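Novice: Below are the structure tokens for one structure; questions will follow.
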Amino acid sequence: MEPPLVSWNLSERSASLDVFRACRHFGISVLPRSQEAVARRFADPGIADKFNGVATRRAFAGIRLIEGAVATFVCEAYRAWPVGDHLLLVGKVLQIDGGDDEPLVFHQGRFLSMRLTQMA
């Protein structure tokens, strides 16, 4: 895909909504199974400072990425559309880093690991 893009959705009720509507850059950290507690922390609407106590590193434009992530994406905000009760955010990927661990996935109300296999 040219340019490389990534998308994700944010609830219209999220306390972070205005930040993401206005930002020029954002980061995505794909967490491993071992960081389920971090994923739950970021999903908890009652926690104001999601990064407090979480090991991070800084990337382009001061973006914070979570240490130990399976993959990280540094993105330039590209487009955003309201979709139902969410905001669909699309970012132009500026940098990708990855590891070998299994990513954590949230599906049908619970966290699961997802094994990645290489395609021949």
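Residue numbering restarts at 1 for every chain of the structure tokens, chains are lettered A, B, ... in their displayed order, and ligands are numbered from 1 as they appear.
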Got a sec: who's within 12 Å of Gln35 in chain A, counting only C-alpha atoms, leaving out chain neighbours fewer than 2 positions off, as an mmCIF file with N, CA, C and O atoms, in the first residue's frame?
Specialist:
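Final file, around_32.cif:
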```cif
data_model
loop_
_atom_site.group_PDB
_atom_site.id
_atom_site.type_symbol
_atom_site.label_atom_id
_atom_site.label_comp_id
_atom_site.auth_asym_id
_atom_site.auth_seq_id
_atom_site.Cartn_x
_atom_site.Cartn_y
_atom_site.Cartn_z
ATOM 1 N N SER A 29 1.472 0.672 19.960
ATOM 2 C CA SER A 29 2.299 -0.401 20.504
ATOM 3 C C SER A 29 1.446 -1.662 20.559
ATOM 4 O O SER A 29 0.420 -1.691 21.247
ATOM 5 N N VAL A 30 1.850 -2.690 19.832
ATOM 6 C CA VAL A 30 1.160 -3.982 19.848
ATOM 7 C C VAL A 30 1.804 -4.792 20.975
ATOM 8 O O VAL A 30 2.991 -5.115 20.920
ATOM 9 N N LEU A 31 1.008 -5.089 21.994
ATOM 10 C CA LEU A 31 1.551 -5.707 23.199
ATOM 11 C C LEU A 31 1.593 -7.230 23.116
ATOM 12 O O LEU A 31 0.742 -7.846 22.472
ATOM 13 N N PRO A 32 2.551 -7.844 23.829
ATOM 14 C CA PRO A 32 2.589 -9.305 23.930
ATOM 15 C C PRO A 32 1.678 -9.778 25.066
ATOM 16 O O PRO A 32 1.229 -8.985 25.904
ATOM 17 N N ARG A 33 1.426 -11.057 25.111
ATOM 18 C CA ARG A 33 0.582 -11.668 26.149
ATOM 19 C C ARG A 33 1.056 -11.289 27.552
ATOM 20 O O ARG A 33 0.250 -11.059 28.449
ATOM 21 N N ALA A 37 -1.714 -6.791 31.619
ATOM 22 C CA ALA A 37 -2.037 -5.785 32.643
ATOM 23 C C ALA A 37 -1.885 -4.368 32.076
ATOM 24 O O ALA A 37 -2.687 -3.474 32.403
ATOM 25 N N VAL A 38 -0.910 -4.158 31.217
ATOM 26 C CA VAL A 38 -0.733 -2.842 30.583
ATOM 27 C C VAL A 38 -1.911 -2.563 29.644
ATOM 28 O O VAL A 38 -2.458 -1.459 29.631
ATOM 29 N N ALA A 39 -2.323 -3.567 28.881
ATOM 30 C CA ALA A 39 -3.470 -3.396 27.983
ATOM 31 C C ALA A 39 -4.724 -3.041 28.780
ATOM 32 O O ALA A 39 -5.484 -2.146 28.394
ATOM 33 N N ARG A 40 -4.925 -3.716 29.903
ATOM 34 C CA ARG A 40 -6.089 -3.413 30.750
ATOM 35 C C ARG A 40 -6.003 -1.996 31.315
ATOM 36 O O ARG A 40 -7.015 -1.303 31.412
ATOM 37 N N ARG A 41 -4.797 -1.571 31.654
ATOM 38 C CA ARG A 41 -4.595 -0.211 32.170
ATOM 39 C C ARG A 41 -5.028 0.826 31.127
ATOM 40 O O ARG A 41 -5.730 1.782 31.436
ATOM 41 N N PHE A 42 -4.616 0.632 29.880
ATOM 42 C CA PHE A 42 -4.951 1.587 28.826
ATOM 43 C C PHE A 42 -6.438 1.533 28.468
ATOM 44 O O PHE A 42 -6.981 2.511 27.966
ATOM 45 N N VAL A 54 4.451 2.773 33.415
ATOM 46 C CA VAL A 54 4.657 1.893 32.258
ATOM 47 C C VAL A 54 5.983 2.266 31.596
ATOM 48 O O VAL A 54 6.230 3.438 31.300
ATOM 49 N N ALA A 55 6.841 1.274 31.367
ATOM 50 C CA ALA A 55 8.137 1.519 30.725
ATOM 51 C C ALA A 55 7.922 1.898 29.255
ATOM 52 O O ALA A 55 7.244 1.176 28.516
ATOM 53 N N ILE A 66 5.544 1.753 24.037
ATOM 54 C CA ILE A 66 5.685 0.880 25.191
ATOM 55 C C ILE A 66 6.831 -0.104 24.971
ATOM 56 O O ILE A 66 6.895 -0.782 23.941
ATOM 57 N N GLU A 67 7.739 -0.144 25.953
ATOM 58 C CA GLU A 67 8.864 -1.082 25.902
ATOM 59 C C GLU A 67 8.352 -2.518 25.915
ATOM 60 O O GLU A 67 7.371 -2.829 26.582
ATOM 61 N N GLY A 68 9.017 -3.378 25.171
ATOM 62 C CA GLY A 68 8.658 -4.791 25.139
ATOM 63 C C GLY A 68 7.522 -5.117 24.194
ATOM 64 O O GLY A 68 7.054 -6.256 24.149
ATOM 65 N N ALA A 69 7.060 -4.133 23.436
ATOM 66 C CA ALA A 69 5.958 -4.372 22.496
ATOM 67 C C ALA A 69 6.402 -5.334 21.397
ATOM 68 O O ALA A 69 7.569 -5.378 21.026
ATOM 69 N N VAL A 70 5.457 -6.104 20.884
ATOM 70 C CA VAL A 70 5.704 -7.014 19.771
ATOM 71 C C VAL A 70 6.017 -6.217 18.508
ATOM 72 O O VAL A 70 6.876 -6.578 17.718
ATOM 73 N N ASP A 101 7.667 -11.981 19.569
ATOM 74 C CA ASP A 101 6.702 -12.490 20.542
ATOM 75 C C ASP A 101 5.305 -12.591 19.928
ATOM 76 O O ASP A 101 5.036 -12.024 18.865
ATOM 77 N N GLU A 102 4.410 -13.298 20.608
ATOM 78 C CA GLU A 102 3.024 -13.425 20.138
ATOM 79 C C GLU A 102 2.223 -12.204 20.573
ATOM 80 O O GLU A 102 2.253 -11.820 21.741
ATOM 81 N N PRO A 103 1.484 -11.584 19.647
ATOM 82 C CA PRO A 103 0.692 -10.407 20.019
ATOM 83 C C PRO A 103 -0.533 -10.770 20.851
ATOM 84 O O PRO A 103 -1.108 -11.848 20.714
ATOM 85 N N LEU A 104 -0.912 -9.840 21.706
ATOM 86 C CA LEU A 104 -2.116 -9.948 22.519
ATOM 87 C C LEU A 104 -3.287 -9.414 21.702
ATOM 88 O O LEU A 104 -3.171 -8.371 21.061
ATOM 89 N N VAL A 105 -4.397 -10.144 21.730
ATOM 90 C CA VAL A 105 -5.576 -9.755 20.961
ATOM 91 C C VAL A 105 -6.775 -9.725 21.904
ATOM 92 O O VAL A 105 -6.904 -10.585 22.773
ATOM 93 N N PHE A 111 -8.952 -11.395 26.448
ATOM 94 C CA PHE A 111 -7.636 -11.326 25.833
ATOM 95 C C PHE A 111 -7.165 -12.711 25.427
ATOM 96 O O PHE A 111 -7.343 -13.677 26.163
ATOM 97 N N LEU A 112 -6.572 -12.792 24.247
ATOM 98 C CA LEU A 112 -6.040 -14.033 23.706
ATOM 99 C C LEU A 112 -4.668 -13.762 23.100
ATOM 100 O O LEU A 112 -4.357 -12.631 22.742
ATOM 101 N N SER A 113 -3.868 -14.813 22.941
ATOM 102 C CA SER A 113 -2.634 -14.701 22.184
ATOM 103 C C SER A 113 -2.940 -15.108 20.765
ATOM 104 O O SER A 113 -3.833 -15.919 20.508
#
```
Novice: Write out as number ranges by chain the set of residues from range 41-106 of chain A that DSSP, computed on the backbone, places in strand (DSSP E).
Specialist: A: 56-58, 64-66, 71-83, 86-98, 104-106
Novice: Go ahead and write the selection's residues with N, CA and C atoms as a tab-separated table (two decimals), in the first residue's frame.
Specialist:
```
chain	number	residue	atom	x	y	z
A	56	THR	N	8.46	3.05	28.87
A	56	THR	CA	8.29	3.54	27.51
A	56	THR	C	9.62	4.04	26.95
A	57	ARG	N	9.61	4.27	25.66
A	57	ARG	CA	10.73	4.94	25.00
A	57	ARG	C	10.14	6.01	24.10
A	58	ARG	N	10.94	7.00	23.78
A	58	ARG	CA	10.49	8.10	22.92
A	58	ARG	C	10.90	7.84	21.48
A	64	ARG	N	5.43	8.41	22.55
A	64	ARG	CA	5.79	7.39	23.55
A	64	ARG	C	5.35	6.02	23.05
A	65	LEU	N	6.28	5.08	23.05
A	65	LEU	CA	6.01	3.69	22.67
A	65	LEU	C	6.31	2.81	23.87
A	66	ILE	N	5.54	1.75	24.04
A	66	ILE	CA	5.69	0.88	25.19
A	66	ILE	C	6.83	-0.10	24.97
A	71	ALA	N	5.31	-5.13	18.33
A	71	ALA	CA	5.51	-4.24	17.19
A	71	ALA	C	5.14	-2.83	17.60
A	72	THR	N	5.78	-1.86	16.98
A	72	THR	CA	5.42	-0.46	17.21
A	72	THR	C	5.30	0.24	15.86
A	73	PHE	N	4.39	1.18	15.81
A	73	PHE	CA	4.16	2.00	14.62
A	73	PHE	C	4.20	3.46	15.04
A	74	VAL	N	4.99	4.26	14.36
A	74	VAL	CA	4.96	5.71	14.52
A	74	VAL	C	4.25	6.24	13.28
A	75	CYS	N	3.20	7.03	13.52
A	75	CYS	CA	2.33	7.44	12.41
A	75	CYS	C	2.11	8.94	12.38
A	76	GLU	N	1.88	9.43	11.18
A	76	GLU	CA	1.41	10.79	10.97
A	76	GLU	C	-0.11	10.69	10.79
A	77	ALA	N	-0.85	11.54	11.50
A	77	ALA	CA	-2.31	11.52	11.35
A	77	ALA	C	-2.65	11.78	9.88
A	78	TYR	N	-3.48	10.91	9.31
A	78	TYR	CA	-3.78	10.97	7.88
A	78	TYR	C	-5.24	11.35	7.63
A	79	ARG	N	-6.16	10.63	8.24
A	79	ARG	CA	-7.60	10.91	8.10
A	79	ARG	C	-8.32	10.43	9.36
A	80	ALA	N	-9.50	10.98	9.58
A	80	ALA	CA	-10.37	10.54	10.68
A	80	ALA	C	-11.82	10.74	10.26
A	81	TRP	N	-12.64	9.74	10.56
A	81	TRP	CA	-14.06	9.79	10.23
A	81	TRP	C	-14.87	9.29	11.41
A	82	PRO	N	-16.01	9.95	11.69
A	82	PRO	CA	-16.93	9.38	12.68
A	82	PRO	C	-17.61	8.15	12.08
A	83	VAL	N	-17.62	7.07	12.83
A	83	VAL	CA	-18.26	5.82	12.40
A	83	VAL	C	-19.05	5.30	13.59
A	86	HIS	N	-17.85	5.65	17.31
A	86	HIS	CA	-16.39	5.66	17.34
A	86	HIS	C	-15.84	6.66	16.32
A	87	LEU	N	-14.58	6.98	16.49
A	87	LEU	CA	-13.84	7.75	15.51
A	87	LEU	C	-12.84	6.79	14.86
A	88	LEU	N	-12.93	6.64	13.55
A	88	LEU	CA	-11.99	5.80	12.81
A	88	LEU	C	-10.79	6.66	12.47
A	89	LEU	N	-9.62	6.29	12.98
A	89	LEU	CA	-8.39	7.05	12.77
A	89	LEU	C	-7.48	6.28	11.83
A	90	VAL	N	-6.93	6.97	10.84
A	90	VAL	CA	-6.00	6.36	9.89
A	90	VAL	C	-4.69	7.12	9.99
A	91	GLY	N	-3.61	6.38	10.13
A	91	GLY	CA	-2.30	7.00	10.21
A	91	GLY	C	-1.40	6.54	9.08
A	92	LYS	N	-0.60	7.45	8.57
A	92	LYS	CA	0.43	7.14	7.58
A	92	LYS	C	1.64	6.64	8.37
A	93	VAL	N	2.07	5.42	8.12
A	93	VAL	CA	3.15	4.81	8.88
A	93	VAL	C	4.48	5.43	8.47
A	94	LEU	N	5.19	5.98	9.47
A	94	LEU	CA	6.50	6.57	9.24
A	94	LEU	C	7.62	5.63	9.65
A	95	GLN	N	7.35	4.79	10.66
A	95	GLN	CA	8.36	3.86	11.17
A	95	GLN	C	7.67	2.64	11.77
A	96	ILE	N	8.25	1.47	11.51
A	96	ILE	CA	7.76	0.22	12.08
A	96	ILE	C	8.94	-0.50	12.70
A	97	ASP	N	8.74	-1.02	13.91
A	97	ASP	CA	9.71	-1.90	14.55
A	97	ASP	C	8.95	-3.12	15.02
A	98	GLY	N	9.60	-4.28	15.01
A	98	GLY	CA	8.91	-5.49	15.41
A	98	GLY	C	9.81	-6.48	16.11
A	104	LEU	N	-0.91	-9.84	21.71
A	104	LEU	CA	-2.12	-9.95	22.52
A	104	LEU	C	-3.29	-9.41	21.70
A	105	VAL	N	-4.40	-10.14	21.73
A	105	VAL	CA	-5.58	-9.76	20.96
A	105	VAL	C	-6.78	-9.73	21.90
A	106	PHE	N	-7.65	-8.73	21.74
A	106	PHE	CA	-8.89	-8.68	22.49
A	106	PHE	C	-10.00	-9.10	21.56
```
Novice: Hey, what does DSSP flag as alpha helix (DSSP H) within chain A? Can you give it to me as a PyMOL selection string?
Specialist: chain A and resi 17-22+36-43
Novice: Those same residues, written as an mmCIF file, in the first residue's frame with all heavy atoms?
Specialist:
```
data_model
loop_
_atom_site.group_PDB
_atom_site.id
_atom_site.type_symbol
_atom_site.label_atom_id
_atom_site.label_comp_id
_atom_site.auth_asym_id
_atom_site.auth_seq_id
_atom_site.Cartn_x
_atom_site.Cartn_y
_atom_site.Cartn_z
ATOM 1 N N LEU A 17 -10.241 11.464 23.267
ATOM 2 C CA LEU A 17 -10.763 11.768 21.936
ATOM 3 C C LEU A 17 -10.248 13.105 21.383
ATOM 4 O O LEU A 17 -9.766 13.160 20.254
ATOM 5 C CB LEU A 17 -12.285 11.751 21.954
ATOM 6 C CG LEU A 17 -12.962 11.961 20.602
ATOM 7 C CD1 LEU A 17 -12.643 10.807 19.653
ATOM 8 C CD2 LEU A 17 -14.465 12.098 20.781
ATOM 9 N N ASP A 18 -10.329 14.166 22.172
ATOM 10 C CA ASP A 18 -9.886 15.472 21.679
ATOM 11 C C ASP A 18 -8.391 15.489 21.363
ATOM 12 O O ASP A 18 -7.960 16.146 20.415
ATOM 13 C CB ASP A 18 -10.228 16.573 22.682
ATOM 14 C CG ASP A 18 -11.730 16.834 22.757
ATOM 15 O OD1 ASP A 18 -12.444 16.499 21.780
ATOM 16 O OD2 ASP A 18 -12.182 17.360 23.791
ATOM 17 N N VAL A 19 -7.608 14.765 22.139
ATOM 18 C CA VAL A 19 -6.163 14.682 21.894
ATOM 19 C C VAL A 19 -5.905 14.054 20.526
ATOM 20 O O VAL A 19 -5.110 14.563 19.734
ATOM 21 C CB VAL A 19 -5.462 13.863 23.008
ATOM 22 C CG1 VAL A 19 -4.008 13.607 22.658
ATOM 23 C CG2 VAL A 19 -5.590 14.565 24.345
ATOM 24 N N PHE A 20 -6.586 12.949 20.230
ATOM 25 C CA PHE A 20 -6.363 12.271 18.953
ATOM 26 C C PHE A 20 -6.962 13.031 17.768
ATOM 27 O O PHE A 20 -6.435 12.962 16.667
ATOM 28 C CB PHE A 20 -6.865 10.827 19.001
ATOM 29 C CG PHE A 20 -5.920 9.943 19.747
ATOM 30 C CD1 PHE A 20 -6.194 9.536 21.043
ATOM 31 C CD2 PHE A 20 -4.729 9.523 19.168
ATOM 32 C CE1 PHE A 20 -5.313 8.735 21.744
ATOM 33 C CE2 PHE A 20 -3.837 8.724 19.849
ATOM 34 C CZ PHE A 20 -4.129 8.326 21.149
ATOM 35 N N ARG A 21 -8.031 13.764 17.998
ATOM 36 C CA ARG A 21 -8.581 14.602 16.915
ATOM 37 C C ARG A 21 -7.600 15.697 16.512
ATOM 38 O O ARG A 21 -7.524 16.072 15.356
ATOM 39 C CB ARG A 21 -9.899 15.234 17.346
ATOM 40 C CG ARG A 21 -11.076 14.335 17.190
ATOM 41 C CD ARG A 21 -12.360 15.132 17.323
ATOM 42 N NE ARG A 21 -13.494 14.289 16.987
ATOM 43 C CZ ARG A 21 -14.597 14.208 17.706
ATOM 44 N NH1 ARG A 21 -14.736 14.922 18.798
ATOM 45 N NH2 ARG A 21 -15.577 13.427 17.323
ATOM 46 N N ALA A 22 -6.833 16.204 17.476
ATOM 47 C CA ALA A 22 -5.946 17.334 17.230
ATOM 48 C C ALA A 22 -4.493 16.946 16.935
ATOM 49 O O ALA A 22 -3.736 17.773 16.447
ATOM 50 C CB ALA A 22 -5.973 18.269 18.436
ATOM 51 N N GLU A 36 -0.586 -8.089 29.404
ATOM 52 C CA GLU A 36 -2.045 -7.947 29.493
ATOM 53 C C GLU A 36 -2.443 -6.889 30.515
ATOM 54 O O GLU A 36 -3.392 -6.126 30.297
ATOM 55 C CB GLU A 36 -2.696 -9.282 29.842
ATOM 56 C CG GLU A 36 -4.200 -9.205 29.901
ATOM 57 C CD GLU A 36 -4.876 -10.537 30.171
ATOM 58 O OE1 GLU A 36 -4.330 -11.587 29.787
ATOM 59 O OE2 GLU A 36 -5.967 -10.509 30.774
ATOM 60 N N ALA A 37 -1.714 -6.791 31.619
ATOM 61 C CA ALA A 37 -2.037 -5.785 32.643
ATOM 62 C C ALA A 37 -1.885 -4.368 32.076
ATOM 63 O O ALA A 37 -2.687 -3.474 32.403
ATOM 64 C CB ALA A 37 -1.139 -5.966 33.865
ATOM 65 N N VAL A 38 -0.910 -4.158 31.217
ATOM 66 C CA VAL A 38 -0.733 -2.842 30.583
ATOM 67 C C VAL A 38 -1.911 -2.563 29.644
ATOM 68 O O VAL A 38 -2.458 -1.459 29.631
ATOM 69 C CB VAL A 38 0.612 -2.766 29.821
ATOM 70 C CG1 VAL A 38 0.731 -1.461 29.053
ATOM 71 C CG2 VAL A 38 1.778 -2.942 30.793
ATOM 72 N N ALA A 39 -2.323 -3.567 28.881
ATOM 73 C CA ALA A 39 -3.470 -3.396 27.983
ATOM 74 C C ALA A 39 -4.724 -3.041 28.780
ATOM 75 O O ALA A 39 -5.484 -2.146 28.394
ATOM 76 C CB ALA A 39 -3.695 -4.670 27.173
ATOM 77 N N ARG A 40 -4.925 -3.716 29.903
ATOM 78 C CA ARG A 40 -6.089 -3.413 30.750
ATOM 79 C C ARG A 40 -6.003 -1.996 31.315
ATOM 80 O O ARG A 40 -7.015 -1.303 31.412
ATOM 81 C CB ARG A 40 -6.212 -4.437 31.868
ATOM 82 C CG ARG A 40 -6.647 -5.794 31.383
ATOM 83 C CD ARG A 40 -6.902 -6.769 32.537
ATOM 84 N NE ARG A 40 -7.259 -8.070 32.038
ATOM 85 C CZ ARG A 40 -8.456 -8.389 31.535
ATOM 86 N NH1 ARG A 40 -9.404 -7.481 31.474
ATOM 87 N NH2 ARG A 40 -8.691 -9.609 31.093
ATOM 88 N N ARG A 41 -4.797 -1.571 31.654
ATOM 89 C CA ARG A 41 -4.595 -0.211 32.170
ATOM 90 C C ARG A 41 -5.028 0.826 31.127
ATOM 91 O O ARG A 41 -5.730 1.782 31.436
ATOM 92 C CB ARG A 41 -3.132 -0.011 32.552
ATOM 93 C CG ARG A 41 -2.809 1.368 33.005
ATOM 94 C CD ARG A 41 -1.336 1.542 33.384
ATOM 95 N NE ARG A 41 -1.145 2.870 33.924
ATOM 96 C CZ ARG A 41 -1.485 3.255 35.145
ATOM 97 N NH1 ARG A 41 -2.019 2.391 35.982
ATOM 98 N NH2 ARG A 41 -1.304 4.502 35.542
ATOM 99 N N PHE A 42 -4.616 0.632 29.880
ATOM 100 C CA PHE A 42 -4.951 1.587 28.826
ATOM 101 C C PHE A 42 -6.438 1.533 28.468
ATOM 102 O O PHE A 42 -6.981 2.511 27.966
ATOM 103 C CB PHE A 42 -4.069 1.370 27.595
ATOM 104 C CG PHE A 42 -2.752 2.077 27.701
ATOM 105 C CD1 PHE A 42 -1.728 1.549 28.456
ATOM 106 C CD2 PHE A 42 -2.552 3.292 27.069
ATOM 107 C CE1 PHE A 42 -0.517 2.200 28.585
ATOM 108 C CE2 PHE A 42 -1.343 3.966 27.194
ATOM 109 C CZ PHE A 42 -0.320 3.415 27.951
ATOM 110 N N ALA A 43 -7.093 0.418 28.716
ATOM 111 C CA ALA A 43 -8.520 0.283 28.419
ATOM 112 C C ALA A 43 -9.407 0.831 29.537
ATOM 113 O O ALA A 43 -10.603 1.057 29.326
ATOM 114 C CB ALA A 43 -8.864 -1.180 28.166
#
```
Novice: Can you tell me how far CA of Cys23 in chain A sits from CA of Gly109 in chain A, in Å to one decimal?
Specialist: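 If I compute the distance from CA of Cys23 in chain A to CA of Gly109 in chain A, I get 29.1 Å.
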